[in-house]
file query_14.cif (mmCIF, C-alpha atoms and all ligand atoms)
data_entry
#
loop_
_atom_site.label_atom_id
_atom_site.label_comp_id
_atom_site.auth_asym_id
_atom_site.auth_seq_id
_atom_site.Cartn_x
_atom_site.Cartn_y
_atom_site.Cartn_z
CA MET A 1 -5.74 12.01 15.94
CA LEU A 2 -3.27 11.85 13.07
CA SER A 3 0.31 12.65 13.93
CA SER A 4 1.60 15.79 12.25
CA LYS A 5 5.24 14.81 12.69
CA TYR A 6 6.55 12.81 9.72
CA THR A 7 9.41 10.56 10.71
CA ASN A 8 9.87 9.55 7.09
CA ARG A 9 9.56 11.83 4.10
CA LEU A 10 7.21 10.92 1.31
CA PHE A 11 8.82 11.22 -2.14
CA GLY A 12 7.22 11.20 -5.58
CA ARG A 13 4.39 13.09 -7.21
CA THR A 14 1.23 14.62 -5.77
CA ARG A 15 -0.22 15.61 -9.17
CA GLY A 16 -0.16 13.90 -12.57
CA ARG A 17 1.92 15.15 -15.52
CA SER A 18 -1.12 16.40 -17.44
CA LYS A 19 -1.87 20.09 -17.12
CA LYS A 20 -5.53 19.25 -16.52
CA LYS A 21 -6.90 21.52 -13.78
CA ILE A 22 -8.61 19.87 -10.86
CA ASN A 23 -11.19 21.38 -8.58
CA LEU A 24 -9.37 21.13 -5.24
CA LYS A 25 -12.35 22.51 -3.31
CA LYS A 26 -14.58 19.75 -4.67
CA TYR A 27 -11.82 17.18 -4.09
CA ASN A 28 -11.46 18.22 -0.44
CA GLU A 29 -15.22 18.19 0.08
CA THR A 30 -15.53 14.68 -1.37
CA ILE A 31 -12.50 13.31 0.42
CA ASP A 32 -13.88 14.67 3.72
CA LYS A 33 -16.69 12.10 3.52
CA TYR A 34 -14.17 9.25 3.34
CA LYS A 35 -11.31 10.71 5.33
CA PHE A 36 -9.48 8.40 7.71
CA GLN A 37 -9.46 10.01 11.18
CA ASN A 38 -8.84 7.48 13.88
CA LEU A 39 -8.50 3.77 14.59
CA ASN A 40 -11.26 1.96 16.46
CA GLU A 41 -10.48 -1.23 18.37
CA LYS A 42 -13.89 -2.68 17.54
CA LEU A 43 -13.23 -2.64 13.78
CA GLU A 44 -11.08 -4.87 11.57
CA TYR A 45 -8.69 -3.03 9.27
CA ILE A 46 -6.77 -3.66 6.08
CA LEU A 47 -3.98 -1.23 5.28
CA ASP A 48 -3.53 -0.61 1.55
CA ILE A 49 -0.32 1.38 0.99
CA GLY A 50 0.50 3.47 -2.10
CA THR A 51 -2.78 2.82 -3.89
CA GLY A 52 -2.17 4.94 -7.02
CA TYR A 53 -5.51 4.86 -8.86
CA GLY A 54 -7.09 2.78 -6.10
CA GLU A 55 -7.68 -0.51 -7.93
CA THR A 56 -6.41 -2.56 -4.97
CA SER A 57 -8.64 -0.70 -2.48
CA ILE A 58 -11.76 -1.35 -4.58
CA PHE A 59 -10.73 -5.00 -4.99
CA LEU A 60 -10.13 -5.42 -1.23
CA ALA A 61 -13.35 -3.60 -0.29
CA LYS A 62 -15.37 -6.04 -2.41
CA LYS A 63 -13.42 -9.11 -1.26
CA TYR A 64 -13.66 -8.20 2.44
CA PRO A 65 -16.98 -6.31 2.88
CA GLU A 66 -16.85 -6.81 6.67
CA LYS A 67 -13.47 -5.07 7.01
CA VAL A 68 -12.43 -1.42 6.71
CA ILE A 69 -9.84 -0.66 4.03
CA ILE A 70 -7.53 2.27 4.75
CA SER A 71 -6.19 3.50 1.43
CA CYS A 72 -2.98 5.56 1.78
CA GLU A 73 -2.00 7.70 -1.17
CA LYS A 74 -0.96 11.32 -1.63
CA TYR A 75 -1.31 11.27 -5.45
CA ILE A 76 -4.38 13.46 -5.94
CA ASP A 77 -5.16 12.39 -9.52
CA GLY A 78 -5.25 8.78 -8.29
CA ASN A 79 -7.42 9.58 -5.28
CA ILE A 80 -9.94 11.38 -7.52
CA ILE A 81 -10.36 8.19 -9.56
CA LEU A 82 -10.64 6.11 -6.38
CA LEU A 83 -13.33 8.44 -4.98
CA LYS A 84 -15.29 8.18 -8.25
CA ASN A 85 -15.09 4.38 -8.14
CA ILE A 86 -16.13 4.26 -4.47
CA GLU A 87 -19.29 6.22 -5.33
CA LYS A 88 -19.94 4.35 -8.60
CA ASN A 89 -19.72 0.97 -6.82
CA ASN A 90 -21.61 2.13 -3.68
CA ILE A 91 -18.71 1.08 -1.51
CA ASN A 92 -18.93 1.97 2.17
CA ASN A 93 -15.85 0.31 3.67
CA ILE A 94 -12.96 2.42 2.32
CA LEU A 95 -11.35 5.27 4.24
CA LEU A 96 -8.78 7.43 2.52
CA HIS A 97 -5.61 8.83 3.99
CA ASN A 98 -4.29 11.46 1.58
CA GLY A 99 -0.70 11.20 2.85
CA ASN A 100 2.10 9.14 4.27
CA VAL A 101 1.43 5.67 5.71
CA TYR A 102 3.86 6.47 8.53
CA ASN A 103 1.22 8.86 9.95
CA ILE A 104 -1.06 5.88 10.50
CA ILE A 105 1.58 3.51 11.79
CA GLU A 106 2.72 6.16 14.29
CA ILE A 107 -0.74 6.49 15.83
CA SER A 108 -1.30 2.72 15.98
CA ASN A 109 -0.51 1.96 19.59
CA LYS A 110 -2.23 -1.42 19.31
CA LYS A 111 -2.38 -4.36 16.89
CA TYR A 112 -5.11 -3.05 14.63
CA PHE A 113 -4.44 -4.58 11.20
CA ASN A 114 -5.57 -7.91 9.75
CA LEU A 115 -3.79 -7.48 6.42
CA VAL A 116 -1.39 -5.09 4.67
CA TRP A 117 -1.13 -4.70 0.89
CA ILE A 118 1.72 -2.89 -0.83
CA PHE A 119 1.33 -3.14 -4.60
CA PHE A 120 4.22 -1.92 -6.72
CA PRO A 121 5.94 0.39 -4.24
CA ASP A 122 8.22 2.90 -6.02
CA PRO A 123 11.46 0.96 -6.69
CA TRP A 124 13.81 3.99 -6.71
CA PRO A 125 16.30 1.99 -8.82
CA LYS A 126 19.20 4.45 -8.63
CA ASN A 127 21.65 3.74 -5.82
CA ARG A 128 21.59 7.35 -4.67
CA HIS A 129 17.80 7.07 -4.15
CA ALA A 130 17.87 3.70 -2.36
CA LYS A 131 17.10 5.36 0.99
CA ARG A 132 13.70 6.40 -0.38
CA ARG A 133 12.52 2.79 -0.73
CA LEU A 134 9.56 2.01 1.48
CA ILE A 135 10.22 -1.70 2.08
CA THR A 136 13.10 -2.05 4.52
CA SER A 137 13.56 -4.34 7.49
CA ASP A 138 12.87 -1.37 9.80
CA PHE A 139 9.58 -0.69 8.03
CA LEU A 140 8.56 -4.38 8.16
CA ILE A 141 9.30 -4.47 11.89
CA LYS A 142 7.15 -1.35 12.37
CA LEU A 143 4.31 -3.15 10.54
CA HIS A 144 4.89 -6.24 12.68
CA LYS A 145 4.04 -4.16 15.79
CA VAL A 146 0.63 -3.09 14.43
CA LEU A 147 -0.40 -6.40 12.82
CA LYS A 148 -2.70 -8.84 14.57
CA GLU A 149 -1.44 -12.39 15.20
CA ASN A 150 -1.00 -14.51 12.02
CA SER A 151 -1.78 -11.54 9.82
CA GLU A 152 -0.16 -11.15 6.44
CA ILE A 153 1.66 -8.60 4.31
CA TYR A 154 1.40 -8.82 0.50
CA ILE A 155 4.11 -7.04 -1.49
CA ALA A 156 4.12 -6.94 -5.30
CA THR A 157 6.93 -5.62 -7.47
CA ASP A 158 8.34 -6.03 -10.97
CA SER A 159 11.73 -4.43 -10.29
CA THR A 160 14.66 -6.88 -10.13
CA ILE A 161 16.66 -4.36 -8.09
CA TYR A 162 13.79 -4.01 -5.60
CA ILE A 163 13.25 -7.80 -5.49
CA ARG A 164 16.84 -8.24 -4.29
CA PHE A 165 16.39 -5.44 -1.76
CA ILE A 166 13.07 -6.89 -0.50
CA LEU A 167 14.59 -10.38 -0.19
CA ASN A 168 17.36 -8.92 1.90
CA SER A 169 14.82 -7.11 4.11
CA ILE A 170 12.78 -10.34 4.51
CA TYR A 171 15.95 -12.20 5.50
CA LYS A 172 16.77 -9.56 8.13
CA CYS A 173 13.22 -9.99 9.52
CA LYS A 174 13.22 -13.79 9.62
CA ASP A 175 12.44 -13.76 13.35
CA TYR A 176 9.37 -11.60 12.72
CA PHE A 177 7.82 -13.04 9.55
CA ASN A 178 7.49 -16.34 7.74
CA TRP A 179 7.85 -15.96 3.96
CA VAL A 180 4.79 -18.04 3.09
CA ASN A 181 5.17 -18.49 -0.68
CA GLN A 182 8.95 -18.95 -0.84
CA SER A 183 8.69 -22.52 -2.17
CA GLU A 184 6.33 -21.64 -5.03
CA ILE A 185 7.85 -22.18 -8.47
CA ASN A 186 6.87 -18.73 -9.57
CA LEU A 187 5.73 -15.85 -7.41
CA SER A 188 2.96 -14.82 -9.79
CA ILE A 189 0.22 -12.46 -8.53
CA LYS A 190 -2.33 -14.14 -10.82
CA ASP A 191 -1.92 -17.43 -8.95
CA HIS A 192 -3.52 -15.64 -6.00
CA PHE A 193 -5.72 -12.79 -7.29
CA ASP A 194 -7.35 -11.59 -10.45
CA ILE A 195 -6.35 -7.96 -10.20
CA GLU A 196 -4.57 -5.61 -12.60
CA THR A 197 -3.39 -2.24 -11.34
CA LYS A 198 -1.87 0.48 -13.49
CA TYR A 199 1.64 -0.62 -12.53
CA TYR A 200 0.83 -4.29 -13.06
CA LYS A 201 -0.26 -3.48 -16.63
CA LYS A 202 2.86 -1.34 -17.18
CA ALA A 203 5.04 -4.27 -16.10
CA ILE A 204 3.28 -6.73 -18.43
CA LYS A 205 3.46 -4.28 -21.36
CA SER A 206 7.22 -3.96 -20.81
CA GLN A 207 7.55 -7.76 -20.45
CA ARG A 208 8.63 -7.55 -16.82
CA LYS A 209 7.31 -10.30 -14.59
CA PRO A 210 5.64 -9.07 -11.38
CA SER A 211 6.41 -11.05 -8.22
CA LEU A 212 4.30 -11.34 -5.11
CA PHE A 213 5.79 -11.83 -1.64
CA ILE A 214 3.51 -13.07 1.13
CA LEU A 215 4.77 -12.64 4.68
CA ARG A 216 2.96 -14.00 7.72
CA LYS A 217 3.54 -12.56 11.16
CA LEU A 218 5.32 -14.95 13.55
C1 LIG B 1 4.43 2.93 -8.31
S1 LIG B 1 2.96 3.55 -7.55
C2 LIG B 1 1.94 2.10 -7.47
C3 LIG B 1 0.47 2.42 -7.47
C4 LIG B 1 -0.50 1.23 -7.40
N1 LIG B 1 -0.34 0.48 -6.17
C5 LIG B 1 -0.37 0.31 -8.59
O1 LIG B 1 -0.07 -0.89 -8.40
O2 LIG B 1 -0.62 0.76 -9.72
C6 LIG B 1 3.48 3.72 -5.85
C7 LIG B 1 2.61 4.69 -5.07
O3 LIG B 1 2.97 4.64 -3.70
C8 LIG B 1 2.76 5.93 -3.13
N2 LIG B 1 3.60 6.01 -1.91
C9 LIG B 1 4.94 5.96 -1.83
N3 LIG B 1 5.36 6.05 -0.57
C10 LIG B 1 4.23 6.14 0.20
C11 LIG B 1 4.01 6.28 1.60
N4 LIG B 1 5.03 6.35 2.48
N5 LIG B 1 2.72 6.37 2.05
C12 LIG B 1 1.68 6.32 1.16
N6 LIG B 1 1.85 6.19 -0.17
C13 LIG B 1 3.10 6.11 -0.65
C14 LIG B 1 3.20 6.90 -4.23
O4 LIG B 1 2.59 8.17 -4.09
C15 LIG B 1 2.76 6.15 -5.51
O5 LIG B 1 1.54 6.61 -5.99
#
call {"tool": "encode", "arguments": {"input": "query_14.cif", "output": "structure tokens", "more": "lines below"}}
Ligand SMILES: C[S@@+](CC[C@H](N)C(=O)[O-])C[C@H]1O[C@@H](n2cnc3c(N)ncnc32)[C@H](O)[C@@H]1O
result
Amino acid sequence: MLSSKYTNRLFGRTRGRSKKKINLKKYNETIDKYKFQNLNEKLEYILDIGTGYGETSIFLAKKYPEKVIISCEKYIDGNIILLKNIEKNNINNILLHNGNVYNIIEISNKKYFNLVWIFFPDPWPKNRHAKRRLITSDFLIKLHKVLKENSEIYIATDSTIYIRFILNSIYKCKDYFNWVNQSEINLSIKDHFDIETKYYKKAIKSQRKPSLFILRKL
């Protein structure tokens, strides 16, 4: 069962800025069909954290049809789009957790995950908000405990402040992870995948270069 006790608060928005009304009853009914409930040792899981409009989850579901993608996102407007795209593409290997990824990590008493994706986590650029950042060495070590051997974490960001912070976190975790792509000339996402999320497009439009960090469990 999902833990009700949040050890880490989840910041940011649950609804979009538009005043557009949504049918919460219908949303809850639809999400019930895809709701993540429990982990099963017999299945192979990919954890997709902070999925926004769900582009990464759809991409991963198609790329890894034999695995189960757990999409974690509390942003309802984004989840509605993801649910529509799941049904439109007849996808049957995505489960949705409408909430904090910590709920899932806390119930993972075994090494369940084959891969973790974190695309454009909120950078919280102001110093006074730095504690809200998701990627810290503590968080990476928590992921290390639930990852299977040789599994990988993919982190994408376009924020120079967050890049420095992530590099520092990777350094602190050097006994836990190998930074696989550290010798690449550029850390471009497109060298690895053909995927464009909302925040990828935002970065390109603003001429910020997204970087991808690939960490492999030691
Ligand atoms: C900047 S958006 C990126 C969305 C999407 N991945 C993309 O590339 O367009 C970051 C998302 O992470 C979600 N998020 C932040 N902390 C989270 C957490 N602890 N658990 C689950 N989702 C989280 C936020 O709600 C937000 O929608």
call {"tool": "residues_near_ligand", "arguments": {"input": "query_14.cif", "ligand": "ligand LIG 1 (chain B)", "cutoff": "7 Å", "atoms": "all atoms listed in the file", "output": "JSON, numbers by chain"}}
result
{"A": [10, 11, 12, 13, 14, 49, 50, 51, 52, 53, 54, 56, 72, 73, 74, 75, 99, 100, 101, 102, 118, 119, 120, 121, 122, 134, 197, 198, 199, 200]}
call {"tool": "atom_distance", "arguments": {"input": "query_14.cif", "atom1": "atom CA of A:Ile189", "atom2": "atom CA of A:Asn168"}}
result
20.4 Å
call {"tool": "residues_around", "arguments": {"input": "query_14.cif", "residues": "A:Lys142", "least_positions_apart": "5", "cutoff": "9 Å", "atoms": "all atoms listed in the file", "output": "ChimeraX atom specification"}}
result
/A:105-106,137
call {"tool": "atom_distance", "arguments": {"input": "query_14.cif", "atom1": "atom CA of A:Tyr45", "atom2": "atom CA of A:Ile166"}}
result
24.2 Å
call {"tool": "atom_distance", "arguments": {"input": "query_14.cif", "atom1": "atom CA of A:Ile170", "atom2": "atom CA of A:Tyr64"}}
result
26.6 Å
call {"tool": "closest_residue", "arguments": {"input": "query_14.cif", "among": "A:Ile86, A:Tyr171, A:Ile185, A:Lys217", "to": "A:Lys111", "atoms": "only C-alpha atoms"}}
result
A:Lys217
call {"tool": "closest_residue", "arguments": {"input": "query_14.cif", "among": "A:Leu115, A:Ile58, A:Ala130, A:Ile22", "to": "A:Ile80", "atoms": "all atoms listed in the file"}}
result
A:Ile22
call {"tool": "residues_around", "arguments": {"input": "query_14.cif", "residues": "A:Ile69", "least_positions_apart": "3", "cutoff": "10 Å", "atoms": "only C-alpha atoms", "output": "MDAnalysis selection string"}}
result
chainID A and resid 36 44:48 56:58 60:61 64:66 72 92:96 113 115:116
call {"tool": "write_last_selection", "arguments": {"input": "query_14.cif", "atoms": "C-alpha atoms", "output": "mmCIF file, in the coordinates of the input"}}
result
data_model
loop_
_atom_site.group_PDB
_atom_site.id
_atom_site.type_symbol
_atom_site.label_atom_id
_atom_site.label_comp_id
_atom_site.auth_asym_id
_atom_site.auth_seq_id
_atom_site.Cartn_x
_atom_site.Cartn_y
_atom_site.Cartn_z
ATOM 1 C CA PHE A 36 -9.480 8.400 7.710
ATOM 2 C CA GLU A 44 -11.080 -4.870 11.570
ATOM 3 C CA TYR A 45 -8.690 -3.030 9.270
ATOM 4 C CA ILE A 46 -6.770 -3.660 6.080
ATOM 5 C CA LEU A 47 -3.980 -1.230 5.280
ATOM 6 C CA ASP A 48 -3.530 -0.610 1.550
ATOM 7 C CA THR A 56 -6.410 -2.560 -4.970
ATOM 8 C CA SER A 57 -8.640 -0.700 -2.480
ATOM 9 C CA ILE A 58 -11.760 -1.350 -4.580
ATOM 10 C CA LEU A 60 -10.130 -5.420 -1.230
ATOM 11 C CA ALA A 61 -13.350 -3.600 -0.290
ATOM 12 C CA TYR A 64 -13.660 -8.200 2.440
ATOM 13 C CA PRO A 65 -16.980 -6.310 2.880
ATOM 14 C CA GLU A 66 -16.850 -6.810 6.670
ATOM 15 C CA CYS A 72 -2.980 5.560 1.780
ATOM 16 C CA ASN A 92 -18.930 1.970 2.170
ATOM 17 C CA ASN A 93 -15.850 0.310 3.670
ATOM 18 C CA ILE A 94 -12.960 2.420 2.320
ATOM 19 C CA LEU A 95 -11.350 5.270 4.240
ATOM 20 C CA LEU A 96 -8.780 7.430 2.520
ATOM 21 C CA PHE A 113 -4.440 -4.580 11.200
ATOM 22 C CA LEU A 115 -3.790 -7.480 6.420
ATOM 23 C CA VAL A 116 -1.390 -5.090 4.670
#
call {"tool": "closest_residue", "arguments": {"input": "query_14.cif", "among": "A:Thr30, A:Asn40, A:Thr136, A:Asn109", "to": "A:Lys84", "atoms": "all atoms listed in the file"}}
result
A:Thr30
call {"tool": "closest_residue", "arguments": {"input": "query_14.cif", "among": "A:Leu39, A:Phe213, A:Tyr162, A:Asp32", "to": "A:Lys131", "atoms": "only C-alpha atoms"}}
result
A:Tyr162
call {"tool": "residues_around", "arguments": {"input": "query_14.cif", "residues": "A:Ile204", "least_positions_apart": "6", "cutoff": "10 Å", "atoms": "only C-alpha atoms", "output": "list in words"}}
result
Asp158, Glu196 and Pro210 of chain A
call {"tool": "closest_residue", "arguments": {"input": "query_14.cif", "among": "A:Ala156, A:Ile70, A:Arg208, A:Leu215", "to": "A:Gln37", "atoms": "all atoms listed in the file"}}
result
A:Ile70
call {"tool": "closest_residue", "arguments": {"input": "query_14.cif", "among": "A:Leu82, A:Leu24, A:Val68, A:Ile135", "to": "A:Ile163", "atoms": "only C-alpha atoms"}}
result
A:Ile135
call {"tool": "residues_around", "arguments": {"input": "query_14.cif", "residues": "A:Tyr112", "least_positions_apart": "2", "cutoff": "8 Å", "atoms": "all atoms listed in the file", "output": "list in words"}}
result
Leu39, Glu41, Glu44, Tyr45, Ser108, Lys110, Asn114, Val146, Leu147 and Lys148 of chain A
call {"tool": "write_last_selection", "arguments": {"input": "query_14.cif", "atoms": "C-alpha atoms", "output": "JSON list (two decimals), in the frame of the given file"}}
result
[["chain", "number", "residue", "atom", "x", "y", "z"],
["A", 39, "LEU", "CA", -8.50, 3.77, 14.59],
["A", 41, "GLU", "CA", -10.48, -1.23, 18.37],
["A", 44, "GLU", "CA", -11.08, -4.87, 11.57],
["A", 45, "TYR", "CA", -8.69, -3.03, 9.27],
["A", 108, "SER", "CA", -1.30, 2.72, 15.98],
["A", 110, "LYS", "CA", -2.23, -1.42, 19.31],
["A", 114, "ASN", "CA", -5.57, -7.91, 9.75],
["A", 146, "VAL", "CA", 0.63, -3.09, 14.43],
["A", 147, "LEU", "CA", -0.40, -6.40, 12.82],
["A", 148, "LYS", "CA", -2.70, -8.84, 14.57]]
